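Shown next: coords_21.cif, containing mmCIF, C-alpha atoms.
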data_target
#
loop_
_atom_site.label_atom_id
_atom_site.label_comp_id
_atom_site.auth_asym_id
_atom_site.auth_seq_id
_atom_site.Cartn_x
_atom_site.Cartn_y
_atom_site.Cartn_z
CA MET A 30 2.94 19.41 22.07
CA LYS A 31 3.71 23.06 21.44
CA GLY A 32 2.66 25.38 24.24
CA GLU A 33 0.31 27.52 22.14
CA TYR A 34 -2.09 24.61 22.00
CA ILE A 35 -2.91 24.67 25.72
CA MET A 36 -6.46 25.75 26.56
CA ALA A 37 -5.85 28.91 28.61
CA HIS A 38 -9.40 29.92 29.44
CA GLU A 39 -10.45 26.31 30.07
CA LEU A 40 -7.69 25.69 32.64
CA GLU A 41 -8.75 25.29 36.25
CA ILE A 42 -7.24 27.91 38.57
CA VAL A 43 -6.72 26.95 42.23
CA ASP A 44 -5.30 29.52 44.68
CA GLY A 45 -4.13 31.60 41.74
CA GLN A 46 -2.24 28.72 40.12
CA ALA A 47 -3.23 27.16 36.79
CA GLN A 48 -3.56 23.41 37.19
CA MET A 49 -1.19 22.47 34.39
CA ALA A 50 2.40 21.35 33.83
CA TYR A 51 4.25 21.41 30.53
CA ALA A 52 7.61 20.34 29.13
CA GLY A 53 9.20 22.46 26.42
CA GLU A 54 8.15 25.87 25.19
CA VAL A 55 6.36 28.33 27.47
CA PRO A 56 2.66 28.55 26.49
CA TRP A 57 1.55 31.83 24.95
CA HIS A 58 -0.64 32.53 27.99
CA GLY A 59 2.25 31.95 30.40
CA LEU A 60 0.18 29.72 32.69
CA GLY A 61 1.18 26.42 34.25
CA VAL A 62 4.34 24.96 35.74
CA PRO A 63 7.38 24.36 33.50
CA VAL A 64 8.96 20.92 33.99
CA SER A 65 11.71 18.82 32.44
CA ASN A 66 10.80 16.11 29.95
CA ASP A 67 12.15 13.29 32.14
CA LEU A 68 9.45 13.27 34.83
CA SER A 69 7.63 10.10 35.76
CA PRO A 70 3.88 10.13 35.11
CA LEU A 71 3.12 10.55 38.83
CA GLN A 72 5.64 13.38 39.12
CA MET A 73 3.91 15.10 36.19
CA MET A 74 0.56 14.59 37.90
CA ASP A 75 1.89 16.18 41.08
CA LYS A 76 3.45 19.17 39.27
CA ALA A 77 0.14 19.81 37.48
CA GLY A 78 -1.71 19.95 40.80
CA LEU A 79 -3.68 16.79 40.05
CA ASN A 80 -2.67 14.72 43.07
CA TRP A 81 -6.22 14.40 44.35
CA LYS A 82 -8.94 11.78 44.39
CA VAL A 83 -12.66 11.75 43.75
CA GLU A 84 -15.23 10.01 45.90
CA THR A 85 -18.94 9.32 45.67
CA LYS A 86 -21.39 10.44 48.33
CA PRO A 87 -25.12 9.93 48.86
CA LEU A 88 -27.34 12.63 47.42
CA TYR A 89 -30.19 14.16 49.45
CA TYR A 90 -32.93 16.72 49.07
CA LYS A 91 -35.05 18.57 51.60
CA GLY A 92 -38.32 16.73 52.17
CA THR A 93 -41.72 18.23 52.95
CA PHE A 94 -41.07 18.18 56.68
CA ALA A 95 -37.51 19.53 56.46
CA SER A 96 -35.98 16.08 56.73
CA ASP A 97 -33.28 14.94 54.31
CA VAL A 98 -34.50 12.41 51.76
CA ASN A 99 -32.05 10.24 49.85
CA VAL A 100 -32.17 10.54 46.05
CA PRO A 101 -32.36 6.98 44.69
CA PHE A 102 -30.04 5.81 41.89
CA LYS A 103 -27.98 9.02 42.05
CA LYS A 104 -24.73 9.98 43.78
CA ALA A 105 -22.61 13.08 44.16
CA LEU A 106 -19.11 12.97 42.65
CA VAL A 107 -16.91 15.02 44.97
CA ARG A 108 -13.25 16.01 44.98
CA GLU A 109 -11.75 14.84 48.27
CA SER A 110 -9.18 17.63 48.60
CA ASP A 111 -11.67 20.50 48.85
CA GLY A 112 -15.11 18.88 48.87
CA LYS A 113 -16.00 20.41 45.51
CA LEU A 114 -19.02 18.88 43.78
CA LEU A 115 -17.90 17.88 40.30
CA ASP A 116 -21.14 16.31 39.08
CA VAL A 117 -24.19 14.22 39.88
CA ILE A 118 -23.76 10.66 38.60
CA GLY A 119 -25.71 7.42 38.40
CA SER A 120 -25.32 4.80 41.10
CA ASP A 121 -23.52 2.48 38.65
CA TRP A 122 -20.95 5.11 37.57
CA GLU A 123 -17.34 3.99 38.19
CA PRO A 124 -14.89 6.87 38.73
CA VAL A 125 -11.30 6.55 37.50
CA GLN A 126 -8.78 8.21 39.79
CA ASN A 127 -6.19 10.61 38.38
CA GLU A 128 -3.44 8.32 39.68
CA ASP A 129 -4.82 5.43 37.61
CA ALA A 130 -4.90 7.63 34.51
CA PHE A 131 -1.29 8.73 34.93
CA ASN A 132 -0.08 5.24 35.85
CA PHE A 133 -1.37 4.16 32.44
CA PHE A 134 1.74 5.83 30.97
CA SER A 135 4.23 4.29 33.42
CA GLU A 136 5.04 1.18 31.40
CA TYR A 137 5.69 3.23 28.26
CA VAL A 138 7.80 5.86 30.05
CA LEU A 139 9.90 3.30 31.95
CA ALA A 140 10.59 1.45 28.70
CA GLY A 141 11.81 4.69 27.12
CA ASP A 142 9.06 4.66 24.49
CA MET A 143 7.40 7.90 25.62
CA GLU A 144 8.03 10.99 27.73
CA MET A 145 5.45 13.02 29.61
CA ASN A 146 4.70 16.27 27.81
CA THR A 147 1.65 18.08 29.19
CA ALA A 148 -1.00 17.54 31.86
CA GLY A 149 -3.78 19.65 33.25
CA SER A 150 -7.24 20.16 34.63
CA ILE A 151 -9.87 21.89 32.53
CA ARG A 152 -13.50 22.85 32.99
CA GLU A 153 -13.23 23.31 36.76
CA GLY A 154 -11.69 19.89 37.40
CA ARG A 155 -14.25 17.98 35.38
CA ASN A 156 -11.77 16.90 32.71
CA ILE A 157 -8.23 15.77 33.47
CA PHE A 158 -5.88 15.26 30.54
CA ALA A 159 -2.38 13.86 30.17
CA LEU A 160 -0.29 13.93 27.01
CA ALA A 161 2.86 11.90 26.38
CA LYS A 162 5.17 12.29 23.38
CA VAL A 163 5.94 9.05 21.60
CA LYS A 164 9.67 8.81 20.93
CA GLU A 165 9.14 8.09 17.28
CA SER A 166 8.42 10.42 14.41
CA PHE A 167 8.74 10.41 10.66
CA GLU A 168 9.63 12.87 7.95
CA LEU A 169 7.95 13.19 4.57
CA PHE A 170 8.78 14.89 1.31
CA GLY A 171 12.16 16.24 2.37
CA GLY A 172 11.32 17.90 5.67
CA ASP A 173 7.63 17.58 6.62
CA GLN A 174 7.94 16.09 10.13
CA VAL A 175 5.10 14.35 11.96
CA ASP A 176 5.39 13.58 15.69
CA SER A 177 3.10 11.29 17.64
CA TYR A 178 1.47 11.71 21.05
CA LEU A 179 -0.72 9.60 23.31
CA LEU A 180 -3.61 11.50 24.88
CA PHE A 181 -5.54 10.30 27.95
CA SER A 182 -8.69 12.22 28.82
CA ASN A 183 -10.20 11.33 32.21
CA PRO A 184 -13.52 13.13 32.68
CA HIS A 185 -15.05 13.43 36.14
CA GLN A 186 -18.35 14.25 34.52
CA TYR A 187 -21.53 12.28 33.88
CA GLY A 188 -22.11 11.36 30.24
CA LYS A 189 -18.44 11.77 29.22
CA SER A 190 -16.33 8.77 28.22
CA ILE A 191 -12.71 8.07 29.06
CA ASP A 192 -10.87 8.76 25.79
CA ILE A 193 -7.39 7.35 25.04
CA LYS A 194 -5.90 7.82 21.59
CA PHE A 195 -2.83 8.44 19.49
CA THR A 196 -2.66 11.99 18.14
CA PRO A 197 -0.13 12.86 15.41
CA ILE A 198 1.05 16.46 15.13
CA ARG A 199 2.38 17.99 11.92
CA VAL A 200 5.31 19.98 13.31
CA VAL A 201 5.55 22.66 10.61
CA CYS A 202 2.12 24.03 11.46
CA ASN A 203 1.12 22.25 14.69
CA ASN A 204 -1.90 20.68 13.00
CA THR A 205 -3.51 17.94 15.07
CA LEU A 206 -3.97 15.16 12.55
CA SER A 207 -6.22 12.12 12.58
CA VAL A 208 -4.74 8.66 12.93
CA ALA A 209 -8.12 6.96 12.89
CA LEU A 210 -7.45 4.66 9.96
CA ASP A 211 -9.17 1.87 11.85
CA SER A 212 -11.37 1.48 14.91
CA LYS A 213 -8.43 0.59 17.19
CA SER A 214 -6.50 3.86 16.91
CA GLY A 215 -8.28 5.06 20.01
CA VAL A 216 -10.36 3.66 22.84
CA LYS A 217 -13.45 5.15 24.45
CA LEU A 218 -14.61 3.65 27.74
CA SER A 219 -17.85 4.04 29.62
CA HIS A 220 -17.75 4.73 33.36
CA ARG A 221 -20.23 1.90 33.81
CA VAL A 222 -17.42 -0.66 33.59
CA LYS A 223 -14.30 -1.01 35.72
CA PHE A 224 -11.23 0.56 34.09
CA ASP A 225 -8.78 -2.15 32.96
CA ALA A 226 -5.48 -0.65 31.78
CA ASP A 227 -4.12 -3.93 30.39
CA THR A 228 -7.16 -4.45 28.18
CA VAL A 229 -6.95 -0.88 26.89
CA LYS A 230 -3.25 -1.25 26.05
CA GLU A 231 -3.95 -4.47 24.18
CA THR A 232 -6.70 -2.74 22.20
CA LEU A 233 -4.55 0.32 21.45
CA GLY A 234 -1.69 -1.78 20.13
CA ILE A 235 1.84 -0.59 19.52
CA ALA A 236 2.48 3.10 18.89
CA SER A 237 5.12 2.44 16.23
CA ALA A 238 2.69 0.28 14.26
CA LYS A 239 0.06 3.03 14.31
CA LEU A 240 2.59 5.63 13.22
CA ALA A 241 3.91 3.40 10.43
CA LYS A 242 0.40 2.89 9.10
CA TYR A 243 -0.24 6.61 9.20
CA LYS A 244 3.04 7.31 7.40
CA GLU A 245 2.02 4.90 4.65
CA ALA A 246 -1.28 6.75 4.20
CA ALA A 247 0.46 10.15 4.21
CA GLU A 248 2.99 9.05 1.59
CA TYR A 249 0.18 7.75 -0.57
CA LEU A 250 -1.71 11.05 -0.33
CA GLY A 251 1.50 12.89 -1.25
CA SER A 252 1.89 10.79 -4.38
CA LYS A 253 -1.53 11.60 -5.83
CA ARG A 254 -2.36 14.98 -7.34
CA TYR A 255 -5.73 16.67 -7.24
CA THR A 256 -7.47 18.65 -9.94
CA VAL A 257 -9.31 21.83 -9.02
CA ASP A 258 -12.63 20.13 -9.77
CA SER A 259 -11.84 17.14 -7.56
CA LEU A 260 -10.58 19.46 -4.82
CA ILE A 261 -13.86 21.38 -4.83
CA ASP A 262 -15.78 18.08 -4.70
CA TYR A 263 -13.63 17.03 -1.75
CA TYR A 264 -14.37 20.22 0.19
CA ASN A 265 -18.07 19.85 -0.54
CA ASN A 266 -17.88 16.35 0.97
CA VAL A 267 -16.00 17.44 4.09
CA PHE A 268 -17.89 20.73 4.59
CA PRO A 269 -21.31 20.17 3.01
CA ARG A 270 -23.25 23.19 1.84
CA THR A 271 -26.34 24.05 3.87
CA SER A 272 -28.09 25.69 0.93
CA SER A 273 -30.41 23.55 -1.18
CA LYS A 274 -29.53 25.58 -4.26
CA LYS A 275 -27.97 23.41 -6.98
CA VAL A 276 -24.22 23.84 -7.45
CA ASP A 277 -23.37 25.44 -10.79
CA ASP A 278 -21.51 23.03 -13.07
CA GLY A 279 -19.96 25.90 -15.00
CA LYS A 280 -16.83 27.90 -14.27
CA ILE A 281 -14.39 27.00 -11.51
CA THR A 282 -14.73 30.49 -10.04
CA ASP A 283 -18.49 30.00 -9.72
CA LYS A 284 -18.00 26.65 -7.99
CA VAL A 285 -15.55 28.18 -5.53
CA LEU A 286 -17.95 31.01 -4.72
CA GLN A 287 -20.65 28.44 -3.94
CA LEU A 288 -18.52 26.61 -1.37
CA SER A 289 -19.58 26.78 2.28
CA LYS A 290 -17.62 29.22 4.43
CA ASN A 291 -15.44 26.51 5.98
CA ALA A 292 -14.81 24.90 2.60
CA LYS A 293 -13.84 28.29 1.17
CA ASP A 294 -11.44 28.84 4.09
CA ALA A 295 -9.78 25.49 3.35
CA TYR A 296 -9.59 26.29 -0.37
CA ASP A 297 -7.93 29.62 0.38
CA ALA A 298 -5.51 27.98 2.84
CA ILE A 299 -4.22 25.18 0.64
CA GLU A 300 -1.39 27.23 -0.90
CA LEU A 301 -0.88 29.58 2.05
CA GLN A 302 -0.82 27.21 5.04
CA PRO A 303 2.52 26.51 6.74
CA GLY A 304 4.23 23.61 4.98
CA SER A 305 2.38 24.15 1.71
CA ASN A 306 5.66 23.61 -0.13
CA TYR A 307 5.73 19.92 0.81
CA ALA A 308 4.08 17.65 -1.78
CA LYS A 309 2.48 20.71 -3.37
CA GLY A 310 -0.66 20.03 -5.39
CA THR A 311 -1.33 16.64 -3.79
CA TRP A 312 -4.02 15.18 -1.59
CA TRP A 313 -1.66 15.46 1.39
CA GLN A 314 -1.98 19.23 1.11
CA ALA A 315 -5.73 19.01 0.55
CA TYR A 316 -6.16 17.00 3.73
CA ASN A 317 -3.89 19.31 5.70
CA SER A 318 -5.81 22.38 4.58
CA VAL A 319 -8.77 20.90 6.49
CA THR A 320 -6.72 20.14 9.61
CA TYR A 321 -5.17 23.61 9.42
CA ILE A 322 -8.42 25.57 9.42
CA THR A 323 -10.02 23.40 12.10
CA ASP A 324 -7.02 23.98 14.38
CA HIS A 325 -6.25 27.61 13.57
CA VAL A 326 -9.24 29.31 11.90
CA GLN A 327 -12.61 27.87 12.93
CA GLY A 328 -14.26 28.44 16.30
CA ARG A 329 -14.46 31.40 18.65
CA ASN A 330 -10.90 31.08 19.95
CA ALA A 331 -7.88 28.79 20.22
CA ASP A 332 -9.23 27.17 23.40
CA ASN A 333 -12.45 26.03 21.75
CA ARG A 334 -10.62 24.85 18.63
CA LEU A 335 -8.29 22.59 20.59
CA TYR A 336 -11.03 21.21 22.81
CA SER A 337 -13.03 20.36 19.71
CA SER A 338 -9.99 18.79 18.02
CA TRP A 339 -9.23 16.61 21.02
CA PHE A 340 -12.67 15.82 22.40
CA GLY A 341 -15.39 17.29 20.18
CA GLY A 342 -16.69 17.54 16.65
CA ASN A 343 -13.43 18.46 14.95
CA GLN A 344 -11.87 15.07 15.71
CA VAL A 345 -14.76 13.48 13.79
CA ARG A 346 -14.32 16.03 11.00
CA LYS A 347 -10.63 15.18 10.64
CA LYS A 348 -11.28 11.45 10.58
CA ASN A 349 -13.81 11.99 7.80
CA ALA A 350 -11.41 14.34 5.97
CA LEU A 351 -8.67 11.68 5.99
CA GLU A 352 -11.00 8.95 4.78
CA LYS A 353 -12.36 11.17 1.99
CA ALA A 354 -8.86 12.27 0.95
CA LEU A 355 -7.81 8.63 0.58
CA GLN A 356 -10.91 7.91 -1.49
CA PHE A 357 -10.27 10.85 -3.80
CA ALA A 358 -6.58 9.91 -4.06
CA GLU A 359 -7.50 6.38 -5.12
CA ALA A 360 -9.67 7.82 -7.88
CA ALA A 361 -6.96 10.23 -9.06
#

What's the structure tokens form of this structure?
Amino acid sequence: MKGEYIMAHELEIVDGQAQMAYAGEVPWHGLGVPVSNDLSPLQMMDKAGLNWKVETKPLYYKGTFASDVNVPFKKALVRESDGKLLDVIGSDWEPVQNEDAFNFFSEYVLAGDMEMNTAGSIREGRNIFALAKVKESFELFGGDQVDSYLLFSNPHQYGKSIDIKFTPIRVVCNNTLSVALDSKSGVKLSHRVKFDADTVKETLGIASAKLAKYKEAAEYLGSKRYTVDSLIDYYNNVFPRTSSKKVDDGKITDKVLQLSKNAKDAYDAIELQPGSNYAKGTWWQAYNSVTYITDHVQGRNADNRLYSSWFGGNQVRKKNALEKALQFAEAA
């Protein structure tokens, strides 16, 4: 993934060093350790400063008579290397070690199917992420290249799920796309069950199959043209208006003015976004106008936008945007 996507202000800093390693371009913030793209997963983990374990410890509070009283059904999740408290968890919470998360990629890397790309620690060590580039990509419409990545998010935080998913990137604009054409494009796991890498890999399936299915959907979107009316309807579906005032059925200009702010941003971006010359006037561009503004326009800063695209509300937004674009394309 391009360096400008890395979450600078979210990165954990230990002894003045950002806990991140990256292959390729230097991030805009200049933080992290540059590495070659031929590292093993465990070498990448080590370079990113993530070669540490977590452990659970009993939790106590001061009783009435100054004695320590054990807190039932709760434990402290602590980083072994420095004793840092990461969170308070339930007694049935199963931590996944960083080494297990990175070893998940070993089979793919050894087979030559992927290469480690980026890894880091964000939110004070409470979320560890690893990103591998799938050695397959495709090109659409005479030059619109889409690469594929596998993202593993390993949170050391109560209430957060392990999240493993394929994440396509549109190279021309670095948009993080949605591959969620079915429920098996990603896997979320609760910490209440033991992590089983083999089961997850079986559920994820083969990267090339996911990418081929996504390419088919992209080509279909690029073959269907939108009208201005249908485009406005699409944006109103993806970014619903909060006002209860009825939308004017009159002039196009009036309909555009009544769009929500985010919908208006997408409407303005459709002919100005990077790569707008590919499959111009089609639902591929309509969909990408949504991914473009969520990655590059919305939110307080680039850090928040990426976190939301990977782990938060924007990933849901993009999934919905893709599904709606396919529906509108079918009706075109």

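Minimum atom-to-atom distances from A:Ser259, A:Thr228, A:Ser305, A:Gln48 to Lys284 of chain A were compared using only C-alpha atoms, and the lowest value belongs to A:Ser259.
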
Worksheet entry | Output check: residues returned by the PyMOL selection byres ((chain A and resi 50) around 9), as an NGL selection string | :A and (47-49 or 51-52 or 60-64 or 73-78 or 146-149)

Worksheet item: Excluding same-chain residues fewer than 3 positions from Tyr137 of chain A, what lies within 12 Å of it counting all atoms listed in the file, as an MDAnalysis selection string?
Response: chainID A and resid 69:70 131:134 140:145 161:164 178:179 230 235:236

Which centre and which edge lengths, in Å to one decimal, describe the axis-aligned box that holds all listed atoms of segment 86-99 of chain A after 3 Å is added on each side, as JSON?
{"center_x": -31.6, "center_y": 14.7, "center_z": 52.1, "size_x": 26.3, "size_y": 15.6, "size_z": 15.3}

In the coordinate frame of the file, compute which residues have an atom within 9 Å of (-26.9, 3.3, 39.9) when using all atoms listed in the file, and state them as a PDB file with C-alpha atoms, keeping the file's coordinate frame.
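Wrote out.pdb, looks like this:
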ATOM      1  CA  PRO A 101     -32.360   6.980  44.690  1.00  0.00           C
ATOM      2  CA  PHE A 102     -30.040   5.810  41.890  1.00  0.00           C
ATOM      3  CA  LYS A 103     -27.980   9.020  42.050  1.00  0.00           C
ATOM      4  CA  LYS A 104     -24.730   9.980  43.780  1.00  0.00           C
ATOM      5  CA  ILE A 118     -23.760  10.660  38.600  1.00  0.00           C
ATOM      6  CA  GLY A 119     -25.710   7.420  38.400  1.00  0.00           C
ATOM      7  CA  SER A 120     -25.320   4.800  41.100  1.00  0.00           C
ATOM      8  CA  ASP A 121     -23.520   2.480  38.650  1.00  0.00           C
ATOM      9  CA  TRP A 122     -20.950   5.110  37.570  1.00  0.00           C
TER      10      TRP A 122
END

Within 12 Å of segment 309-321 of chain A: each segment 155-198 of chain A residue with its shortest pair, all atoms listed in the file, as a tab-separated table:
residue	atom	partner	partner_atom	distance
A:Leu169	CA	A:Trp313	CA	10.4
A:Phe170	CA	A:Lys309	CA	9.8
A:Asp173	CA	A:Trp313	CA	10.9
A:Pro197	CA	A:Thr320	CA	11.4
A:Ile198	CA	A:Thr320	CA	10.2

Take the residues just selected and output them with C-alpha atoms as an mmCIF file, keeping the file's coordinate frame.
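Contents of result_21.cif, freshly written:
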data_model
loop_
_atom_site.group_PDB
_atom_site.id
_atom_site.type_symbol
_atom_site.label_atom_id
_atom_site.label_comp_id
_atom_site.auth_asym_id
_atom_site.auth_seq_id
_atom_site.Cartn_x
_atom_site.Cartn_y
_atom_site.Cartn_z
ATOM 1 C CA LEU A 169 7.950 13.190 4.570
ATOM 2 C CA PHE A 170 8.780 14.890 1.310
ATOM 3 C CA ASP A 173 7.630 17.580 6.620
ATOM 4 C CA PRO A 197 -0.130 12.860 15.410
ATOM 5 C CA ILE A 198 1.050 16.460 15.130
#

Discussion item. Given only C-alpha atoms as the basis, pick out the residue of A:Ile151, A:Ala350, A:Leu301, A:Leu260 nearest to Glu39 of chain A.
Written reply: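 Nearest candidate to Glu39 of chain A out of A:Ile151, A:Ala350, A:Leu301, A:Leu260: A:Ile151.
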
Item to complete: Give the answer as one residue: which of A:Phe195, A:Tyr307, A:Trp81, A:Tyr89 has the shortest atom-to-atom distance to Ser237 of chain A, using only C-alpha atoms?
Response: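 Among A:Phe195, A:Tyr307, A:Trp81, A:Tyr89, it is A:Phe195 that comes nearest to Ser237 of chain A.
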
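Here atom CA of Phe357 of chain A and atom CA of Asn343 of chain A stand 20.5 Å from one another.
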
Worksheet item: Hey, can you check how far atom CA of Leu71 of chain A sits from atom CA of Asp129 of chain A?
Response: 9.5 Å

Practice prompt. For the structure provided, state which residues fall under the PyMOL selection byres ((chain A and resi 346) around 9), and present them as a VMD selection string.
Written response: chain A and resid 267 to 268 319 to 320 323 338 342 to 345 347 to 351

Discussion item. With distances taken over all atoms listed in the file, which residue among A:Val43, A:Gln174, A:Gln72, A:Val98 lies nearest Lys113 of chain A?
Written reply: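 Closest residue, counting all atoms listed in the file: A:Val43.
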